[in-house]
Amino acid sequence: MTTGLRTGFAALAAFALAGCATTGTGEEAETADAPAEVPFASTYSAYPGTPTAIVGATILDGAGNQIDGGTVLFADGEVVAVGDASLAIPAGYTRIDGTGKYVTPGIIDIHSHLGVYPSPGVSAQSDGNEATSPITADVWAEHSVWPQDPGFSRALANGGITSLQILPGSANLMGGRSVTLKNVPSRTVQGMKFPGAPYGFKMACGENPKRVYGSRGRQPSTRMGNFATNRAKWAAAREWAEGKREKRNLEMETLAGVLDGEILVHNHCYRADEMALVLDMAKEAGYRVSAFHHAVEAYKISDLLRENDVCSAIWADWWGFKMESLDGIPENAALLYNQGACVVIHSDDANGIQRLNQEAAKALTDGRRMGIEISDAEGIRWITYNAARSMGIEAMTGSLETGKMADVVLWNGNPFSVYSRPERVWIDGALLFDAADPAMRPVSDFELGLPGEGDVK
Amino acid sequence: MKHLLSAAATLGLALSAGSLAAQDFTVTNATVATGDGSEPVEGGIVVVTGGRVTYAGPAGGAAPAGTVVDAGGGWVTPGIFASLTDLGLYDVSGVSNSNDLSARSSPFSAALDFSTSINPASTQVAVSRAGGVTRATAIGTAGSSIFAGQGAIIDLGDDPEPVVRPRAFQMIELGERGGALAGGSRPAAHALLRNALREARQYGEASGISGSRRRPASIDTGDDVPIDPRLVDSEAERDDVLLSRFDAAALVPVVSGQQQLYIRAERAADIRSVLALKSEFPALDLVLVGVSEGWLVAREIAAAGVPVIADPLDDLPSSFEQLAATQDNVGRMVDAGVTVAVGSYSDMEQPRFAPQYAGNLVSLARVPGRTGLTWGEALASITSIPAQIAGVGGRYGVLAPGAVADVVIWDGDPLELSSRPTRVFIDGIDQPLTNHQTRLRDRYRDLDESDLPKAYDR
């Protein structure tokens with residue numbers, strides 16, 4: 001079964017990646033015009049698991065539901081069923097008593113630089129910004145990811161992170177392609193690539209690009225320079241995309257992928273007025289923004305963001321560190337939620353990714369204190385389903401629903417309490433972290449033989 | 001709508017007018033956590049008279065005094081004492097014009113006195129105050145030398161006098177950063193440090209600065225560095241010339257042990273080198289900062305009696321001097337007998353996150369095989385212990401008779417993510433909790449611009 005499962009997943013992965021991956025099942029995906037080979041294809045396949053039943057826990061399913069004393073069943077890498085105490089447990093399932101504990105989908109970080117800015121943070125490994133031109137649409141973050149970054153294991157053990165998007169940095173207006181990973185230790189980045197995940201495209205507004213290039217005496221040195229450079233490139237991309245697309249052009253292939261709607265735009269953008277301008281630029285160029293990242297002023301235009309169906313990926317309470325972050329408020333998430341706009345809590349940080357649940361908890365609290373009712377079941381979506389949705393993988397993960405990947409976290413208490421920790425984490429049904437078992441704690445090659453190796457961290 | 005707004009504005013004025021003076025008051029109907037390491041007491045009261053705590057404990061243990069402040073079943077604690085912050089030293093850290101943290105091009109280093117530049121009107125101060133932070137040590141970062149300069153103890157009160165004690169300590173960077181600042185290596189940093197301390201000792205004696213061997217401290221209030229040695233003008237000749245006269249004078253109270261010396265070191269070997277300084281300069285009053293690998297040398301730190309200010313959540317080998325970083329560091333050091341405060345907050349690590357950090361240490365203690373803190377120890381690590389390390393123990397950071405009335409009322413367990421301060425008193429004075437963020441929140445509570453733009457909504 002083990003081998004068969006892994007092979008099966010690999011086949012499904014290739015199928016989904018080649019097609020549109022709209023359903024994640026692969027069965028309905030169009031493959032007619034797909035290229036025969038996908039470059040740097042995912043080689044990830046699920047690790048072996050045992051059919052598991054978690055019973056008696058409070059379930060926050062990521063789809064907006066809370067089930068007290070519920071049951072989660074998973075087997076063969078997939079969620080089999082989620083229900084209340086009356087759900088029958090088939091024969092052969094390992095039973096885990098979840099009384100007093102919580103179950104959530106695996107936590108997803110939509111904004112991480114693990115691997116491209118790994119630990120140790122030395123210049124030899126600083127591979128997150130190709131800061132040599134304001135537009136580097138041709139670069140792919142996966143070519144920078146160091147799979148031995150010890151940060152991956154910390155995100156798993158302390159944060160219950162099962163999937164994450166690795167983005168290029170924000171030095172450039174168009175920083176390149178992101179890559180979505182399963183948070184499994186691997187010798188190669190291909191072994192971590194999320195099967196069937198669409199690519200993302202990193203863009204950046206505001207201070208960073210104009211500072212980086214303005215200081216070199218070249219365009220852009222202003223916000224209007226930012227837009228001029230972007231618009232010229234989109235016009236060229238449109239022309240290329242409408243042409244024959246015969247000659248290989250890495251930059252244009254990525255931009256055309258965005259215009260085709262197959263590559264999702266993740267736009268670093270703080271200020272409300274600037275986000276509104278980007279939405280107009282996207283209309284002009286003919287693409288969609290999937291999410292604004294670091295959108296500290298999103299609450300000022302939550303209506304506009306809702307109408308344009310754009311998610312805001314935000315910190316709970318970082319603010320004030322630079323001019324465009326000055327108007328950040330801790331009620332940002334709650335105000336967006338209150339307007340019906342999509343909220344994602346992100347980390348952008350190798351430490352913050354270990355506590356996304358705590359960041360979401362703070363954002364929930366600040367909202368509730370201003371009178372906005374948000375249930376825990378809704379709040380958990382900010383770090384599960386909504387992240388998956390912005391990354392185009394919501395059909396496969398992000399909630400505990402029958403047929404989805406068995407990416408599951410068992411917490412030893414309410415995940416929104418500071419006193420709770422992940423107790424066990426499964427990825428595609430395989431147990432990859434167990435707080436009670438030191439042997440179930442991955443140690444990267446980098447840490448072998450060094451002080452603190454294998455410590456609880 | 002308009003009526004509501006003006007009513008709120010009037011109320012705001014009334015509150016801030018009323019906040020100008022300390023009043024006697026008794027917090028009732030509360031869970032009392034005194035910050036001294038003990039576990040919280042349900043059904044407690046805190047009595048404040050004359051700006052000081054006169055009682056904190058079970059109701060019935062003392063007679064109430066002054067105004068009754070009903071905590072509504074919430075919690076009451078001492079205010080957070082935040083160790084090593086950048087509060088009041090910038091408005092927006094990324095805007096260099098507004099930022100007084102570092103001066104890479106300055107000819108001075110040890111002489112830099114951060115108390116001269118604390119801005120109590122900074123939004124950072126107001127937001128931290130609303131988060132329950134009432135006292136802090138504040139200092140910038142080393143820029144032109146391993147010496148960062150002299151940090152201050154401040155309060156976060158809504159008044160024009162933030163400085164509680166100027167020049168409370170000198171701060172030094174060792175380890176990787178110290179090595180870089182000193183010219184490129186750790187040995188260079190140690191040579192610079194030893195030379196500087198010797199120059200300071202020689203200059204202190206030659207100039208007759210108070211505190212030197214030739215002229216012992218003449219003034220000692222127990223509260224302050226006796227005088228600012230930089231202000232002592234002297235004809236004394238100097239043998240060495242690496243330090244400017246001003247920097248040398250600033251280090252005189254360090255070498256004589258009158259002023260605390262904070263040294264940042266992360267690696268176990270670097271920590272041992274710091275502890276070894278005491279054999280050459282026995283008077284040094286050392287505090288270790290950072291200390292990611294402290295657990296590897298915890299018994300040595302404890303034996304030396306050197307307290308520690310540690311980042312509790314470091315668990316990544318983010319540099320080669322932090323390979324052994326783990327979240328169990330604080331718990332293990334405390335178990336070994338080290339005095340440990342949670343601390344070092346700058347930029348996006350905000351002082352108001354202190355309770356969250358402390359809460360994480362409690363969560364670790366609840367996982368089999370891991371080492372954290374008890375709840376009482378965790379609260380102490382952000383209140384009484386940082387105050388004690390700063391030399392003001394018993395006066396700040398604790399709810400005990402005689403302590404300054406820095407009192408915070410919370411709507412729940414203060415270490416829990418779902419709790420926030422509802423009232424903050426500093427020196428017994430009720431503090432405003434509004435700031436730039438709360439004003440934005442209230443303006444954008446709705447997006448209604450049908451009558452006028454948002455700019456008229458205030």
# chains A, B, ... in the order shown; residues from 1 in each chain; ligands from 1
>>> closest_atom_pairs(of="chain A", to="chain B", cutoff="8 Å", atoms="only C-alpha atoms", output="tab-separated table")
residue	atom	partner	partner_atom	distance
A:Pro118	CA	B:Ser318	CA	7.9
A:Ser119	CA	B:Ser318	CA	4.5
A:Pro120	CA	B:Ser318	CA	4.2
A:Gly121	CA	B:Ser318	CA	5.5
A:Val122	CA	B:Ser319	CA	7.2
A:Pro150	CA	B:Leu316	CA	7.0
A:Gly151	CA	B:Leu316	CA	6.7
A:Arg154	CA	B:Leu316	CA	7.7
A:Tyr299	CA	B:Tyr444	CA	7.2
A:Lys300	CA	B:Tyr444	CA	6.4
A:Asp303	CA	B:Leu447	CA	7.9
A:Trp318	CA	B:Met348	CA	6.0
A:Trp319	CA	B:Met348	CA	7.3
A:Gly320	CA	B:Val92	CA	5.5
A:Phe321	CA	B:Ser93	CA	5.0
A:Lys322	CA	B:Gly94	CA	4.4
A:Met323	CA	B:Val92	CA	6.5
A:Leu326	CA	B:Val92	CA	7.3
A:Asp327	CA	B:Gln437	CA	7.0
A:Gly328	CA	B:Gln437	CA	7.2
A:Ile329	CA	B:Gln437	CA	5.4
A:Pro330	CA	B:Gln437	CA	7.9
A:Glu331	CA	B:Arg441	CA	6.8
A:Leu335	CA	B:Arg445	CA	7.1
A:Asn351	CA	B:Asp314	CA	7.8
A:Gln358	CA	B:Leu417	CA	7.1
A:Ala361	CA	B:Leu417	CA	6.2
A:Lys362	CA	B:Leu417	CA	5.7
A:Thr365	CA	B:Ser418	CA	5.2
A:Phe416	CA	B:Leu417	CA	7.3
A:Ser417	CA	B:Leu417	CA	6.2
A:Val418	CA	B:Glu416	CA	5.6
A:Tyr419	CA	B:Ser363	CA	4.2
A:Ser420	CA	B:Ser363	CA	6.0
A:Arg421	CA	B:Ser363	CA	7.0
A:Ala435	CA	B:Val367	CA	7.5
A:Ala436	CA	B:Pro368	CA	6.5
A:Glu447	CA	B:Leu323	CA	7.9
A:Leu450	CA	B:Leu323	CA	7.0
A:Pro451	CA	B:Ala324	CA	5.0
A:Gly452	CA	B:Ala324	CA	4.1
A:Glu453	CA	B:Ala324	CA	7.3
A:Asp455	CA	B:Thr326	CA	7.4
A:Val456	CA	B:Arg370	CA	7.1
A:Lys457	CA	B:Thr326	CA	4.3
>>> residues_around(residues="Arg238 in chain A", least_positions_apart="3", cutoff="9 Å", atoms="only C-alpha atoms", output="MDAnalysis selection string")
chainID A and resid 233:235 241:243 252 255:256 259 285:286
>>> closest_residue(among="A:Asp109, A:Glu142, A:Glu324, A:Glu373", to="Gly160 in chain A", atoms="only C-alpha atoms")
A:Asp109
>>> select_by_dssp(residues="range 347-443 of chain A", states="strand (DSSP E)", output="PDB file with all heavy atoms, in the first residue's frame")
ATOM      1  N   VAL A 408      -3.412  17.764   8.931  1.00  0.00           N
ATOM      2  CA  VAL A 408      -4.171  17.836  10.178  1.00  0.00           C
ATOM      3  C   VAL A 408      -3.249  18.198  11.343  1.00  0.00           C
ATOM      4  O   VAL A 408      -2.126  17.688  11.428  1.00  0.00           O
ATOM      5  CB  VAL A 408      -4.838  16.469  10.483  1.00  0.00           C
ATOM      6  CG1 VAL A 408      -5.697  16.557  11.747  1.00  0.00           C
ATOM      7  CG2 VAL A 408      -5.670  15.983   9.301  1.00  0.00           C
ATOM      8  N   VAL A 409      -3.743  19.085  12.216  1.00  0.00           N
ATOM      9  CA  VAL A 409      -3.011  19.391  13.444  1.00  0.00           C
ATOM     10  C   VAL A 409      -3.890  19.051  14.644  1.00  0.00           C
ATOM     11  O   VAL A 409      -5.056  19.460  14.704  1.00  0.00           O
ATOM     12  CB  VAL A 409      -2.612  20.878  13.532  1.00  0.00           C
ATOM     13  CG1 VAL A 409      -1.769  21.127  14.787  1.00  0.00           C
ATOM     14  CG2 VAL A 409      -1.845  21.321  12.298  1.00  0.00           C
ATOM     15  N   LEU A 410      -3.322  18.277  15.568  1.00  0.00           N
ATOM     16  CA  LEU A 410      -3.976  18.040  16.862  1.00  0.00           C
ATOM     17  C   LEU A 410      -3.282  18.933  17.875  1.00  0.00           C
ATOM     18  O   LEU A 410      -2.069  18.816  18.086  1.00  0.00           O
ATOM     19  CB  LEU A 410      -3.842  16.571  17.270  1.00  0.00           C
ATOM     20  CG  LEU A 410      -4.379  16.215  18.662  1.00  0.00           C
ATOM     21  CD1 LEU A 410      -5.895  16.412  18.759  1.00  0.00           C
ATOM     22  CD2 LEU A 410      -4.012  14.765  19.021  1.00  0.00           C
ATOM     23  N   TRP A 411      -4.034  19.889  18.442  1.00  0.00           N
ATOM     24  CA  TRP A 411      -3.496  20.848  19.413  1.00  0.00           C
ATOM     25  C   TRP A 411      -3.847  20.360  20.820  1.00  0.00           C
ATOM     26  O   TRP A 411      -4.923  19.818  21.032  1.00  0.00           O
ATOM     27  CB  TRP A 411      -4.103  22.235  19.203  1.00  0.00           C
ATOM     28  CG  TRP A 411      -3.934  22.810  17.829  1.00  0.00           C
ATOM     29  CD1 TRP A 411      -4.688  22.533  16.724  1.00  0.00           C
ATOM     30  CD2 TRP A 411      -2.952  23.764  17.399  1.00  0.00           C
ATOM     31  NE1 TRP A 411      -4.242  23.259  15.641  1.00  0.00           N
ATOM     32  CE2 TRP A 411      -3.179  24.022  16.022  1.00  0.00           C
ATOM     33  CE3 TRP A 411      -1.906  24.430  18.053  1.00  0.00           C
ATOM     34  CZ2 TRP A 411      -2.395  24.914  15.285  1.00  0.00           C
ATOM     35  CZ3 TRP A 411      -1.127  25.323  17.322  1.00  0.00           C
ATOM     36  CH2 TRP A 411      -1.376  25.552  15.954  1.00  0.00           C
ATOM     37  N   PRO A 422       1.001  22.583  19.216  1.00  0.00           N
ATOM     38  CA  PRO A 422       0.701  21.403  18.406  1.00  0.00           C
ATOM     39  C   PRO A 422       1.193  20.149  19.124  1.00  0.00           C
ATOM     40  O   PRO A 422       2.305  20.127  19.649  1.00  0.00           O
ATOM     41  CB  PRO A 422       1.517  21.628  17.126  1.00  0.00           C
ATOM     42  CG  PRO A 422       1.790  23.091  17.086  1.00  0.00           C
ATOM     43  CD  PRO A 422       1.911  23.518  18.530  1.00  0.00           C
ATOM     44  N   GLU A 423       0.335  19.149  19.166  1.00  0.00           N
ATOM     45  CA  GLU A 423       0.725  17.887  19.786  1.00  0.00           C
ATOM     46  C   GLU A 423       1.174  16.895  18.706  1.00  0.00           C
ATOM     47  O   GLU A 423       2.171  16.223  18.865  1.00  0.00           O
ATOM     48  CB  GLU A 423      -0.455  17.330  20.576  1.00  0.00           C
ATOM     49  CG  GLU A 423      -0.105  16.178  21.468  1.00  0.00           C
ATOM     50  CD  GLU A 423      -1.239  15.877  22.440  1.00  0.00           C
ATOM     51  OE1 GLU A 423      -1.536  16.725  23.308  1.00  0.00           O
ATOM     52  OE2 GLU A 423      -1.847  14.798  22.307  1.00  0.00           O
ATOM     53  N   ARG A 424       0.414  16.826  17.631  1.00  0.00           N
ATOM     54  CA  ARG A 424       0.807  16.004  16.489  1.00  0.00           C
ATOM     55  C   ARG A 424       0.414  16.718  15.199  1.00  0.00           C
ATOM     56  O   ARG A 424      -0.596  17.415  15.162  1.00  0.00           O
ATOM     57  CB  ARG A 424       0.112  14.641  16.522  1.00  0.00           C
ATOM     58  CG  ARG A 424       0.625  13.743  17.632  1.00  0.00           C
ATOM     59  CD  ARG A 424      -0.032  12.384  17.565  1.00  0.00           C
ATOM     60  NE  ARG A 424      -0.588  12.068  18.876  1.00  0.00           N
ATOM     61  CZ  ARG A 424      -0.928  10.824  19.251  1.00  0.00           C
ATOM     62  NH1 ARG A 424      -0.793   9.826  18.413  1.00  0.00           N
ATOM     63  NH2 ARG A 424      -1.422  10.621  20.446  1.00  0.00           N
ATOM     64  N   VAL A 425       1.232  16.528  14.177  1.00  0.00           N
ATOM     65  CA  VAL A 425       0.944  17.118  12.871  1.00  0.00           C
ATOM     66  C   VAL A 425       1.071  16.032  11.803  1.00  0.00           C
ATOM     67  O   VAL A 425       2.077  15.322  11.747  1.00  0.00           O
ATOM     68  CB  VAL A 425       1.923  18.269  12.541  1.00  0.00           C
ATOM     69  CG1 VAL A 425       1.528  18.930  11.219  1.00  0.00           C
ATOM     70  CG2 VAL A 425       1.947  19.314  13.663  1.00  0.00           C
ATOM     71  N   TRP A 426       0.015  15.912  10.990  1.00  0.00           N
ATOM     72  CA  TRP A 426       0.031  14.978   9.863  1.00  0.00           C
ATOM     73  C   TRP A 426       0.032  15.772   8.553  1.00  0.00           C
ATOM     74  O   TRP A 426      -0.664  16.792   8.433  1.00  0.00           O
ATOM     75  CB  TRP A 426      -1.216  14.104   9.856  1.00  0.00           C
ATOM     76  CG  TRP A 426      -1.342  13.130  10.982  1.00  0.00           C
ATOM     77  CD1 TRP A 426      -0.964  11.810  10.977  1.00  0.00           C
ATOM     78  CD2 TRP A 426      -1.938  13.365  12.281  1.00  0.00           C
ATOM     79  NE1 TRP A 426      -1.270  11.223  12.183  1.00  0.00           N
ATOM     80  CE2 TRP A 426      -1.863  12.144  13.001  1.00  0.00           C
ATOM     81  CE3 TRP A 426      -2.495  14.478  12.905  1.00  0.00           C
ATOM     82  CZ2 TRP A 426      -2.347  12.005  14.310  1.00  0.00           C
ATOM     83  CZ3 TRP A 426      -2.970  14.350  14.208  1.00  0.00           C
ATOM     84  CH2 TRP A 426      -2.889  13.132  14.894  1.00  0.00           C
ATOM     85  N   ILE A 427       0.796  15.316   7.604  1.00  0.00           N
ATOM     86  CA  ILE A 427       0.755  15.883   6.255  1.00  0.00           C
ATOM     87  C   ILE A 427       0.406  14.756   5.292  1.00  0.00           C
ATOM     88  O   ILE A 427       1.098  13.733   5.255  1.00  0.00           O
ATOM     89  CB  ILE A 427       2.101  16.543   5.890  1.00  0.00           C
ATOM     90  CG1 ILE A 427       2.379  17.713   6.851  1.00  0.00           C
ATOM     91  CG2 ILE A 427       2.082  17.023   4.441  1.00  0.00           C
ATOM     92  CD1 ILE A 427       3.674  18.460   6.586  1.00  0.00           C
ATOM     93  N   ALA A 430       0.304  11.407   6.873  1.00  0.00           N
ATOM     94  CA  ALA A 430       1.519  10.844   7.478  1.00  0.00           C
ATOM     95  C   ALA A 430       1.884  11.661   8.715  1.00  0.00           C
ATOM     96  O   ALA A 430       1.963  12.886   8.653  1.00  0.00           O
ATOM     97  CB  ALA A 430       2.665  10.879   6.476  1.00  0.00           C
ATOM     98  N   LEU A 431       2.111  10.982   9.821  1.00  0.00           N
ATOM     99  CA  LEU A 431       2.499  11.667  11.053  1.00  0.00           C
ATOM    100  C   LEU A 431       3.942  12.152  10.904  1.00  0.00           C
ATOM    101  O   LEU A 431       4.867  11.345  10.765  1.00  0.00           O
ATOM    102  CB  LEU A 431       2.377  10.717  12.249  1.00  0.00           C
ATOM    103  CG  LEU A 431       2.724  11.339  13.610  1.00  0.00           C
ATOM    104  CD1 LEU A 431       1.728  12.419  13.997  1.00  0.00           C
ATOM    105  CD2 LEU A 431       2.790  10.265  14.702  1.00  0.00           C
ATOM    106  N   LEU A 432       4.135  13.483  10.916  1.00  0.00           N
ATOM    107  CA  LEU A 432       5.481  14.030  10.730  1.00  0.00           C
ATOM    108  C   LEU A 432       5.983  14.794  11.953  1.00  0.00           C
ATOM    109  O   LEU A 432       7.136  15.194  12.006  1.00  0.00           O
ATOM    110  CB  LEU A 432       5.531  14.923   9.486  1.00  0.00           C
ATOM    111  CG  LEU A 432       5.406  14.161   8.165  1.00  0.00           C
ATOM    112  CD1 LEU A 432       5.456  15.117   6.982  1.00  0.00           C
ATOM    113  CD2 LEU A 432       6.486  13.097   8.025  1.00  0.00           C
ATOM    114  N   PHE A 433       5.119  15.011  12.922  1.00  0.00           N
ATOM    115  CA  PHE A 433       5.577  15.604  14.191  1.00  0.00           C
ATOM    116  C   PHE A 433       4.721  15.063  15.325  1.00  0.00           C
ATOM    117  O   PHE A 433       3.500  14.987  15.217  1.00  0.00           O
ATOM    118  CB  PHE A 433       5.484  17.130  14.178  1.00  0.00           C
ATOM    119  CG  PHE A 433       5.806  17.735  15.518  1.00  0.00           C
ATOM    120  CD1 PHE A 433       7.111  17.757  15.990  1.00  0.00           C
ATOM    121  CD2 PHE A 433       4.800  18.256  16.334  1.00  0.00           C
ATOM    122  CE1 PHE A 433       7.418  18.282  17.245  1.00  0.00           C
ATOM    123  CE2 PHE A 433       5.099  18.789  17.587  1.00  0.00           C
ATOM    124  CZ  PHE A 433       6.412  18.802  18.044  1.00  0.00           C
ATOM    125  N   ASP A 434       5.420  14.691  16.401  1.00  0.00           N
ATOM    126  CA  ASP A 434       4.742  14.220  17.604  1.00  0.00           C
ATOM    127  C   ASP A 434       5.506  14.803  18.788  1.00  0.00           C
ATOM    128  O   ASP A 434       6.660  14.442  19.027  1.00  0.00           O
ATOM    129  CB  ASP A 434       4.751  12.686  17.637  1.00  0.00           C
ATOM    130  CG  ASP A 434       3.972  12.134  18.839  1.00  0.00           C
ATOM    131  OD1 ASP A 434       3.700  12.925  19.771  1.00  0.00           O
ATOM    132  OD2 ASP A 434       3.649  10.938  18.836  1.00  0.00           O
TER     133      ASP A 434
END
>>> closest_residue(among="B:Val163, B:Leu156, B:Ala82, B:Ala121", to="Asp427 in chain B", atoms="only C-alpha atoms")
B:Leu156
>>> closest_residue(among="B:Leu286, B:Ile172, B:Val404, B:Ala136", to="Pro386 in chain B", atoms="only C-alpha atoms")
B:Ala136
>>> residues_around(residues="Asn230 in chain A", least_positions_apart="5", cutoff="12 Å", atoms="only C-alpha atoms", output="number ranges by chain")
A: 134-137, 172-175, 203-205, 209, 219-220, 223-225, 235-237, 255, 277-278, 281-282, 284-285
>>> write_last_selection(atoms="C-alpha atoms", output="compact mmCIF listing (two decimals), in the first residue's frame")
# COMPACT_ATOMS: atom_id res chain seq x y z
CA PRO A 134 13.22 46.44 -10.98
CA ILE A 135 11.63 43.70 -13.06
CA THR A 136 12.87 40.16 -12.71
CA ALA A 137 9.76 38.30 -13.79
CA ASN A 172 11.58 44.52 -7.23
CA LEU A 173 8.32 45.65 -8.78
CA MET A 174 8.04 42.20 -10.32
CA GLY A 175 10.11 39.87 -8.21
CA MET A 203 4.93 42.07 -7.13
CA ALA A 204 5.77 44.96 -4.83
CA CYS A 205 4.35 48.45 -4.45
CA PRO A 209 11.38 49.21 -5.23
CA GLN A 219 13.85 54.26 -12.63
CA PRO A 220 11.88 53.81 -10.47
CA ARG A 223 5.77 55.82 -6.95
CA MET A 224 4.87 57.20 -10.35
CA GLY A 225 8.05 55.59 -11.60
CA ALA A 235 1.89 46.35 -22.33
CA ALA A 236 4.85 44.42 -23.70
CA ALA A 237 3.61 41.24 -22.05
CA LEU A 255 3.77 37.43 -17.40
CA LEU A 277 -4.26 52.15 -8.06
CA VAL A 278 -2.96 48.62 -8.48
CA MET A 281 -3.62 48.87 -13.27
CA ALA A 282 -4.69 45.24 -13.17
CA GLU A 284 -5.93 48.02 -17.64
CA ALA A 285 -3.45 45.19 -18.12
>>> select_by_dssp(residues="range 88-228 of chain B", states="alpha helix (DSSP H)", output="MDAnalysis selection string")
chainID B and resid 123:130 175:182 186:207
>>> write_last_selection(atoms="C-alpha atoms", output="PDB file, in the first residue's frame")
ATOM      1  CA  THR B 123       3.067  56.893  19.111  1.00  0.00           C
ATOM      2  CA  GLN B 124       5.190  53.913  20.059  1.00  0.00           C
ATOM      3  CA  VAL B 125       4.998  55.003  23.691  1.00  0.00           C
ATOM      4  CA  ALA B 126       1.238  55.520  23.577  1.00  0.00           C
ATOM      5  CA  VAL B 127       0.585  52.152  21.943  1.00  0.00           C
ATOM      6  CA  SER B 128       2.844  50.362  24.406  1.00  0.00           C
ATOM      7  CA  ARG B 129       1.116  52.081  27.307  1.00  0.00           C
ATOM      8  CA  ALA B 130      -2.244  50.861  26.036  1.00  0.00           C
ATOM      9  CA  GLY B 175      29.905  38.366  19.738  1.00  0.00           C
ATOM     10  CA  GLU B 176      29.505  38.636  15.982  1.00  0.00           C
ATOM     11  CA  ARG B 177      28.197  42.176  15.943  1.00  0.00           C
ATOM     12  CA  GLY B 178      30.775  43.388  18.443  1.00  0.00           C
ATOM     13  CA  GLY B 179      33.477  41.800  16.376  1.00  0.00           C
ATOM     14  CA  ALA B 180      32.259  43.553  13.251  1.00  0.00           C
ATOM     15  CA  LEU B 181      32.048  46.925  15.018  1.00  0.00           C
ATOM     16  CA  ALA B 182      35.523  46.550  16.505  1.00  0.00           C
ATOM     17  CA  ARG B 186      35.938  38.912  18.418  1.00  0.00           C
ATOM     18  CA  PRO B 187      39.545  39.379  19.585  1.00  0.00           C
ATOM     19  CA  ALA B 188      39.385  42.923  18.242  1.00  0.00           C
ATOM     20  CA  ALA B 189      36.245  43.552  20.303  1.00  0.00           C
ATOM     21  CA  HIS B 190      37.857  42.182  23.453  1.00  0.00           C
ATOM     22  CA  ALA B 191      41.000  44.236  22.906  1.00  0.00           C
ATOM     23  CA  LEU B 192      38.904  47.337  22.369  1.00  0.00           C
ATOM     24  CA  LEU B 193      36.881  46.643  25.487  1.00  0.00           C
ATOM     25  CA  ARG B 194      39.881  46.008  27.747  1.00  0.00           C
ATOM     26  CA  ASN B 195      41.748  49.001  26.437  1.00  0.00           C
ATOM     27  CA  ALA B 196      38.720  51.204  26.931  1.00  0.00           C
ATOM     28  CA  LEU B 197      38.182  50.044  30.498  1.00  0.00           C
ATOM     29  CA  ARG B 198      41.861  50.632  31.300  1.00  0.00           C
ATOM     30  CA  GLU B 199      41.804  54.051  29.703  1.00  0.00           C
ATOM     31  CA  ALA B 200      38.709  54.873  31.687  1.00  0.00           C
ATOM     32  CA  ARG B 201      40.273  53.642  34.915  1.00  0.00           C
ATOM     33  CA  GLN B 202      43.438  55.645  34.318  1.00  0.00           C
ATOM     34  CA  TYR B 203      41.502  58.725  33.301  1.00  0.00           C
ATOM     35  CA  GLY B 204      39.149  58.416  36.242  1.00  0.00           C
ATOM     36  CA  GLU B 205      42.032  58.332  38.670  1.00  0.00           C
ATOM     37  CA  ALA B 206      44.042  61.089  37.006  1.00  0.00           C
ATOM     38  CA  SER B 207      41.086  63.406  36.801  1.00  0.00           C
TER      39      SER B 207
END
>>> atom_distance(atom1="CA of Ala65 in chain B", atom2="CA of Val46 in chain B")
9.6 Å
>>> closest_residue(among="A:Ala350, A:Ile110, A:Leu264, A:Ala124", to="His293 in chain A", atoms="only C-alpha atoms")
A:Ile110
>>> closest_residue(among="B:Ile80, B:Ile209, B:Ile271, B:Val287", to="Arg352 in chain B", atoms="only C-alpha atoms")
B:Ile80
>>> residues_around(residues="Val407 in chain B", least_positions_apart="3", cutoff="7 Å", atoms="only C-alpha atoms", output="VMD selection string")
chain B and resid 76 to 79 424 to 426
>>> atom_distance(atom1="CA of Ala197 in chain A", atom2="CA of Thr71 in chain A")
28.5 Å
>>> residues_around(residues="Ser390 in chain A", least_positions_apart="5", cutoff="10 Å", atoms="only C-alpha atoms", output="NGL selection string")
:A and (110 or 200 or 264-266 or 289-292 or 310-313 or 342-344 or 385)
>>> atom_distance(atom1="CA of Ala56 in chain B", atom2="CA of Thr383 in chain B")
15.2 Å
>>> residues_around(residues="Ser86 in chain A", least_positions_apart="6", cutoff="12 Å", atoms="only C-alpha atoms", output="list of chain:residue names")
A:Val55, A:Gly56, A:Ile67, A:Asp68, A:Gly69, A:Gly70, A:Thr71, A:Val72
